[in-house]
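Text of data.txt (compact mmCIF, C-alpha atoms) as supplied:
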```txt
# COMPACT_ATOMS: atom_id res chain seq x y z
CA MET K 1 5.99 8.85 19.82
CA TRP K 2 4.34 6.49 17.34
CA GLN K 3 0.92 6.20 15.77
CA TYR K 4 -0.64 3.09 14.24
CA GLU K 5 -2.18 2.85 10.74
CA LYS K 6 -4.67 0.00 10.32
CA ARG K 7 -3.23 -1.33 7.06
CA LEU K 8 -0.29 -3.34 5.75
CA GLN K 9 2.52 -1.51 3.95
CA TYR K 10 2.01 -3.87 0.98
CA PRO K 11 -0.97 -6.25 0.56
CA VAL K 12 -0.75 -9.89 1.69
CA LYS K 13 -3.40 -12.20 0.19
CA ILE K 14 -2.50 -15.89 0.33
CA LYS K 15 -5.15 -18.31 -0.99
CA ASN K 16 -3.52 -21.61 0.04
CA PRO K 17 -2.40 -22.34 3.63
CA ASN K 18 1.00 -24.05 3.86
CA PRO K 19 2.47 -24.66 7.33
CA LYS K 20 5.81 -25.82 5.86
CA TYR K 21 6.28 -22.41 4.25
CA ALA K 22 5.31 -20.72 7.52
CA GLN K 23 8.07 -22.60 9.31
CA ILE K 24 10.64 -21.27 6.83
CA ILE K 25 9.36 -17.69 6.59
CA ILE K 26 9.10 -17.28 10.39
CA SER K 27 12.89 -16.72 10.37
CA GLN K 28 12.20 -13.22 9.03
CA LEU K 29 10.06 -12.59 12.13
CA GLY K 30 12.46 -13.67 14.86
CA GLY K 31 15.56 -15.09 13.19
CA PRO K 32 19.12 -13.66 13.17
CA ASP K 33 18.37 -11.36 10.19
CA GLY K 34 14.65 -10.92 10.90
CA GLU K 35 12.48 -7.82 10.98
CA ILE K 36 12.14 -7.38 14.76
CA GLY K 37 15.91 -7.49 15.24
CA ALA K 38 16.29 -5.00 12.40
CA SER K 39 13.79 -2.61 13.98
CA LEU K 40 15.42 -2.81 17.42
CA ARG K 41 18.88 -2.34 15.89
CA TYR K 42 17.97 0.98 14.20
CA LEU K 43 15.67 2.32 16.91
CA THR K 44 18.36 1.77 19.55
CA GLN K 45 21.30 2.98 17.45
CA ARG K 46 19.60 6.27 16.53
CA ILE K 47 19.67 7.64 20.10
CA ALA K 48 23.46 8.06 20.24
CA MET K 49 23.82 9.02 16.57
CA PRO K 50 25.19 12.61 16.44
CA TYR K 51 24.07 13.52 12.88
CA SER K 52 20.42 14.54 12.55
CA LYS K 53 19.96 13.34 8.95
CA ILE K 54 21.22 9.89 9.97
CA VAL K 55 18.89 9.90 13.01
CA GLY K 56 16.11 10.55 10.47
CA ILE K 57 17.17 7.59 8.32
CA LEU K 58 17.47 5.25 11.35
CA THR K 59 14.06 6.39 12.65
CA ASP K 60 12.32 5.86 9.30
CA VAL K 61 13.95 2.51 8.53
CA GLY K 62 13.41 1.28 12.12
CA THR K 63 9.74 2.25 11.85
CA GLU K 64 9.34 0.58 8.44
CA GLU K 65 10.83 -2.65 9.86
CA LEU K 66 7.91 -2.75 12.34
CA ALA K 67 5.55 -2.60 9.35
CA HIS K 68 7.55 -5.50 7.82
CA PHE K 69 7.21 -7.42 11.11
CA GLU K 70 3.46 -6.95 10.68
CA MET K 71 3.57 -8.14 7.04
CA ILE K 72 5.50 -11.31 8.00
CA SER K 73 2.96 -11.87 10.79
CA ALA K 74 0.13 -11.57 8.22
CA ILE K 75 1.88 -14.08 5.92
CA LEU K 76 2.27 -16.53 8.82
CA TYR K 77 -1.37 -16.06 9.88
CA GLN K 78 -2.64 -16.76 6.37
CA LEU K 79 -0.30 -19.74 5.82
CA THR K 80 -1.48 -21.45 9.04
CA ARG K 81 -5.24 -21.02 8.87
CA ASN K 82 -7.73 -23.94 8.90
CA LEU K 83 -5.11 -26.63 9.61
CA THR K 84 -5.99 -30.18 10.67
CA PRO K 85 -3.82 -32.09 13.21
CA LYS K 86 -2.84 -34.41 10.34
CA GLU K 87 -1.57 -31.51 8.20
CA ILE K 88 0.27 -30.09 11.21
CA LYS K 89 2.07 -33.39 11.86
CA GLU K 90 2.90 -34.17 8.24
CA SER K 91 4.29 -30.70 7.49
CA GLY K 92 6.65 -30.66 10.48
CA PHE K 93 4.82 -27.63 11.91
CA ASP K 94 4.07 -29.75 15.02
CA THR K 95 7.24 -28.69 16.84
CA TYR K 96 6.13 -25.03 16.70
CA PHE K 97 2.44 -25.81 17.20
CA VAL K 98 2.98 -27.66 20.48
CA ASP K 99 4.34 -24.48 22.13
CA HIS K 100 2.50 -21.69 20.30
CA THR K 101 -0.55 -23.28 18.56
CA THR K 102 -1.00 -20.87 15.58
CA GLY K 103 -0.04 -17.80 17.62
CA ILE K 104 2.72 -15.55 16.32
CA TYR K 105 5.97 -15.86 18.30
CA PRO K 106 9.37 -14.57 17.09
CA VAL K 107 11.68 -17.52 16.47
CA ALA K 108 14.20 -18.50 13.80
CA ALA K 109 13.32 -21.32 11.38
CA SER K 110 15.45 -23.55 13.63
CA GLY K 111 13.09 -22.77 16.55
CA TYR K 112 15.66 -20.63 18.36
CA PRO K 113 13.75 -17.73 20.00
CA TYR K 114 14.49 -14.14 19.05
CA SER K 115 17.52 -12.80 20.90
CA ALA K 116 18.98 -9.29 21.13
CA SER K 117 22.40 -10.98 21.03
CA GLN K 118 21.83 -11.07 17.25
CA PHE K 119 22.42 -7.32 16.79
CA GLN K 120 24.64 -4.57 18.12
CA SER K 121 24.23 -0.97 19.13
CA LYS K 122 27.89 -0.05 19.44
CA GLY K 123 27.61 3.68 20.05
CA ASP K 124 30.29 4.14 17.39
CA VAL K 125 29.13 5.91 14.22
CA LEU K 126 31.18 3.89 11.71
CA ALA K 127 30.73 0.53 13.44
CA ASP K 128 26.94 0.98 13.67
CA LEU K 129 26.49 2.09 10.06
CA HIS K 130 28.64 -0.78 8.75
CA GLU K 131 26.55 -3.20 10.82
CA ASP K 132 23.41 -1.71 9.24
CA LEU K 133 24.77 -2.14 5.69
CA ALA K 134 25.64 -5.78 6.43
CA ALA K 135 22.27 -6.40 8.13
CA GLU K 136 20.34 -5.28 5.03
CA GLN K 137 22.43 -7.59 2.80
CA LYS K 138 21.90 -10.53 5.17
CA ALA K 139 18.13 -9.94 5.21
CA ARG K 140 18.15 -9.66 1.40
CA ALA K 141 20.02 -13.00 1.21
CA THR K 142 17.45 -14.61 3.55
CA TYR K 143 14.62 -13.43 1.26
CA ASP K 144 16.59 -14.85 -1.72
CA ASN K 145 16.72 -18.20 0.11
CA ILE K 146 12.98 -18.03 0.88
CA LEU K 147 12.30 -17.42 -2.83
CA ARG K 148 14.43 -20.50 -3.64
CA LEU K 149 12.26 -22.64 -1.33
CA VAL K 150 8.76 -21.22 -1.95
CA ASP K 151 6.86 -21.43 -5.25
CA ASP K 152 3.43 -20.01 -4.33
CA PRO K 153 3.02 -16.75 -6.32
CA ASP K 154 0.82 -15.18 -3.58
CA VAL K 155 3.60 -15.67 -1.03
CA CYS K 156 6.44 -14.73 -3.40
CA ASP K 157 4.74 -11.43 -4.30
CA ALA K 158 4.91 -10.13 -0.73
CA ILE K 159 8.39 -11.61 -0.17
CA LYS K 160 9.69 -9.87 -3.32
CA PHE K 161 8.41 -6.54 -2.01
CA LEU K 162 10.21 -7.09 1.31
CA ARG K 163 13.40 -8.15 -0.51
CA ALA K 164 13.35 -4.98 -2.62
CA ARG K 165 13.03 -2.83 0.52
CA GLU K 166 16.24 -4.41 1.94
CA ILE K 167 18.09 -3.14 -1.12
CA VAL K 168 16.60 0.36 -0.78
CA HIS K 169 17.53 0.43 2.93
CA TYR K 170 21.08 -0.64 2.02
CA GLN K 171 21.28 2.31 -0.38
CA ARG K 172 19.99 4.75 2.26
CA PHE K 173 22.56 3.45 4.77
CA ALA K 174 25.24 3.98 2.13
CA ASP K 175 24.01 7.60 1.93
CA ALA K 176 24.18 7.75 5.75
CA LEU K 177 27.79 6.56 5.72
CA GLY K 178 28.57 9.29 3.18
CA ILE K 179 26.93 11.93 5.43
CA ALA K 180 28.93 10.68 8.44
CA GLN K 181 32.22 10.76 6.53
CA GLU K 182 31.56 14.31 5.27
CA ASN K 183 31.34 15.36 8.93
CA MET K 184 34.40 13.44 10.06
CA ASP K 185 38.13 13.97 9.73
CA SER K 186 38.92 12.97 6.16
CA LYS K 187 42.60 12.45 7.07
CA ASN K 188 41.66 9.80 9.61
CA PHE K 189 38.05 8.59 9.95
CA TYR K 190 39.14 6.54 12.97
CA GLY K 191 40.76 9.46 14.82
CA TYR K 192 37.71 9.85 17.04
CA ASN K 193 34.14 8.66 17.51
CA PRO K 194 31.78 11.65 17.13
CA ALA K 195 29.10 9.78 19.13
CA PHE K 196 31.35 9.98 22.23
CA ASP K 197 34.55 12.02 21.88
CA LYS K 198 34.03 15.78 22.04
CA VAL K 199 37.28 16.58 20.20
CA SER K 200 39.57 14.64 17.93
CA LYS K 201 42.18 12.71 19.85
CA LEU K 202 44.57 13.70 17.05
CA ASN K 203 44.44 17.41 17.98
CA MET X 1 15.08 32.26 26.08
CA ILE X 2 11.50 33.50 25.59
CA ASN X 3 11.59 31.38 22.47
CA ASN X 4 12.57 28.25 24.38
CA ASN X 5 9.89 28.89 27.01
CA THR X 6 7.24 29.23 24.31
CA ARG X 7 8.48 26.06 22.63
CA GLU X 8 8.26 24.17 25.90
CA ARG X 9 4.81 25.56 26.72
CA LEU X 10 3.36 24.73 23.30
CA MET X 11 4.88 21.24 23.33
CA LYS X 12 3.48 20.60 26.82
CA ALA X 13 0.00 21.64 25.64
CA TYR X 14 0.20 19.30 22.65
CA GLN X 15 1.53 16.44 24.82
CA ALA X 16 -1.30 16.89 27.34
CA TYR X 17 -4.08 17.09 24.72
CA SER X 18 -2.76 14.22 22.63
CA PHE X 19 -2.34 12.10 25.75
CA ALA X 20 -6.01 12.74 26.58
CA VAL X 21 -6.91 11.65 23.03
CA TYR X 22 -4.83 8.50 23.31
CA ASP X 23 -6.20 7.57 26.73
CA ALA X 24 -9.79 7.97 25.47
CA LEU X 25 -8.94 5.89 22.38
CA LEU X 26 -7.59 3.10 24.58
CA TYR X 27 -10.74 3.16 26.73
CA LEU X 28 -12.98 3.16 23.62
CA ASP X 29 -11.32 -0.06 22.41
CA ALA X 30 -13.04 -1.83 25.31
CA TYR X 31 -16.10 0.45 25.67
CA PRO X 32 -17.02 1.65 22.17
CA ASN X 33 -20.50 2.72 23.36
CA SER X 34 -19.28 5.06 26.08
CA LYS X 35 -20.76 8.47 25.25
CA GLU X 36 -18.53 10.10 27.87
CA ALA X 37 -15.34 8.66 26.38
CA LEU X 38 -16.44 9.55 22.86
CA ASP X 39 -17.14 13.17 23.85
CA SER X 40 -13.77 13.35 25.57
CA TYR X 41 -12.07 11.88 22.49
CA ASN X 42 -13.68 14.44 20.16
CA LYS X 43 -13.04 17.38 22.47
CA TYR X 44 -9.34 16.62 22.97
CA GLN X 45 -8.80 15.60 19.34
CA LYS X 46 -9.80 19.16 18.35
CA LEU X 47 -7.62 20.80 21.01
CA SER X 48 -4.74 18.48 20.19
CA GLN X 49 -4.85 19.24 16.46
CA ARG X 50 -4.95 23.00 17.18
CA ALA X 51 -1.99 22.75 19.59
CA LYS X 52 -0.02 20.69 17.07
CA ALA X 53 -0.62 23.22 14.30
CA GLU X 54 0.44 26.09 16.54
CA TYR X 55 3.65 24.35 17.62
CA GLU X 56 4.52 23.32 14.07
CA SER X 57 3.95 26.83 12.65
CA LYS X 58 6.58 28.20 15.05
CA PHE X 59 9.06 25.38 15.67
CA GLY X 60 8.93 22.96 12.75
CA PRO X 61 7.20 19.67 12.01
CA ILE X 62 6.19 17.08 14.64
CA THR X 63 5.12 14.64 11.92
CA ALA X 64 6.47 14.61 8.37
CA PRO X 65 4.56 17.35 6.52
CA ASN X 66 1.73 16.67 4.04
CA ASP X 67 2.88 19.31 1.60
CA THR X 68 5.94 21.51 1.81
CA ASN X 69 8.27 23.59 -0.35
CA SER X 70 11.39 22.78 1.64
CA TRP X 71 12.35 19.75 3.73
CA GLN X 72 12.95 20.80 7.36
CA TRP X 73 12.18 17.47 9.00
CA THR X 74 15.71 16.85 10.31
CA ASP X 75 16.50 20.50 11.18
CA SER X 76 14.84 20.57 14.63
CA PRO X 77 16.22 18.66 17.66
CA TRP X 78 15.16 15.03 18.30
CA PRO X 79 12.92 14.51 21.34
CA TRP X 80 15.60 12.92 23.54
CA HIS X 81 17.88 15.93 23.08
CA ILE X 82 17.64 18.51 25.83
CA GLU X 83 15.78 21.60 24.51
CA GLY X 84 17.95 23.65 22.20
CA GLY X 85 21.01 21.50 22.87
CA LYS X 86 22.40 18.23 21.58
```

Written form, structure tokens:
Amino acid sequence: MWQYEKRLQYPVKIKNPNPKYAQIIISQLGGPDGEIGASLRYLTQRIAMPYSKIVGILTDVGTEELAHFEMISAILYQLTRNLTPKEIKESGFDTYFVDHTTGIYPVAASGYPYSASQFQSKGDVLADLHEDLAAEQKARATYDNILRLVDDPDVCDAIKFLRAREIVHYQRFADALGIAQENMDSKNFYGYNPAFDKVSKLN
Amino acid sequence: MINNNTRERLMKAYQAYSFAVYDALLYLDAYPNSKEALDSYNKYQKLSQRAKAEYESKFGPITAPNDTNSWQWTDSPWPWHIEGGK
């Protein structure tokens, strides 16, 4: 069960609207390495995860990703306020605007709508945790690219916070992998999948 | 087994009271001036908080604790696990 707090995890205060920036940053809402995919990845994976501490990590990171989804939404809202049709056309925001006006809809920067085909819940402890480690690095790299393309300090401040969280999540997933391996057969980590097999197939 | 029955009973009480709180909250979003809904919200909020405290004192935290000497958050079963099992 979840409860909502009426606040952002980190403040977003953008003075100057910029629909071009919105079109780039929206990839972290609904793109291949975006926040909603991240949240769904961890909140689905945790159900089959046999180690309670790792369920805790997946629950907390999956929940935080929803707060990041909200922060990206706030950035997009502030970047697209008070626009004129001329600004919309000249910035290239028109291709999004025609379908969604200035509503928030999860798409990649390319316009491709969010798809669950962009993540996995494998039901295999090692496969899932390695996917999570890679996912955090890919999201970090996307934020790096956003920082290469955006030079508004108000926008960069919030993006830098989100980027730093990807690195922290990567570290916590590395801890999770360590916890899993401590519980597994050190002679052969691939001998069985503790999320499914009741006993080692090696025995 | 008495322990498991108590756990189930206390959890059910908390679920019922907190559901009543949540349902009133949802109604109040649309009808903030409803005295009836507000009274219901306040009544069940109290009962819900009491039920939560009682459950947590016996069976561990439902939400991450405000202040604690030892971290027991991941010791109790997750809600999709069948009571007492895995």

**Request:** Could you please select, counting only C-alpha atoms, the residues of chain K within 10 Å of chain X and state them as a PyMOL selection string?
**Result:** chain K and resi 1-3+46-48+50-57

**Asked** Near Pro11 of chain K, within 9 Å and counting all atoms listed in the file, which residues show up once chain neighbours fewer than 3 positions away are dropped, as a PyMOL selection string?
**Response** chain K and resi 7-8+71+158

**Request:** Do a neighbour search on segment 107-119 of chain K at 7 Å with all atoms listed in the file, toss out local chain neighbours closer than 5 positions, and write the hits as a list in words.
**Result:**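 Once the adjacent positions are removed, what remains is Gln23, Ile24, Ile26, Ser27, Leu29, Gly30, Gly31, Pro32, Gly37 and Arg41 of chain K.
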
**Request:** Extract, using all atoms listed in the file, all DNA, RNA and protein residues at most 7 Å from segment 100-104 of chain K, discarding same-chain residues fewer than 2 positions from it, and format them as a list in words.
**Result:**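 In the requested form, the answer reads Ser73, Thr80, Tyr96, Phe97, Val98 and Pro106 of chain K.
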
**Message:** Report as a PyMOL selection string all protein, DNA and RNA residues lying within 9 Å of Lys13 of chain K, evaluated on all atoms listed in the file, omitting residues in the same chain fewer than 5 positions from it.
**Reply:** chain K and resi 74-75+78+154-155+158

**Request:** Rank nothing, just name the residue among K:Asp152, K:Asp197, K:Glu182, K:Asp33 nearest to Asp132 of chain K, using only C-alpha atoms.
**Result:**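 Under the stated criterion, the closest residue is K:Asp33.
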
**Request:** Would you list the contacts of segment 133-141 of chain K as a VMD selection string, taking every protein, DNA or RNA residue within 9 Å and counting all atoms listed in the file, but skipping same-chain residues closer than 4 positions in sequence?
**Result:** chain K and resid 28 32 to 35 38 119 128 to 129 145 to 146 162 to 171 173 to 174

**Asked** Between atom CA of Leu76 of chain K and atom CA of Gly92 of chain K, what is the spacing in Å?
**Response**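 The value is 14.9 Å.
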
**Item:** Nearest residue to Ser48 of chain X from the set X:Leu10, X:Ala30, X:Ile82, X:Ala64 (distances using all atoms listed in the file)
**Value:**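 Using all atoms listed in the file, Ser48 of chain X sits closest to X:Leu10.
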
**Prompt:** atom CA of Leu83 of chain K and atom CA of Asn16 of chain K are how many Å apart?
**Reply:**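 So the two atoms, atom CA of Leu83 of chain K and atom CA of Asn16 of chain K, lie 10.9 Å apart.
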
**Item:** Separation of atom CA of Asp60 of chain K from atom CA of Thr44 of chain K in Å
**Value:** 12.6 Å
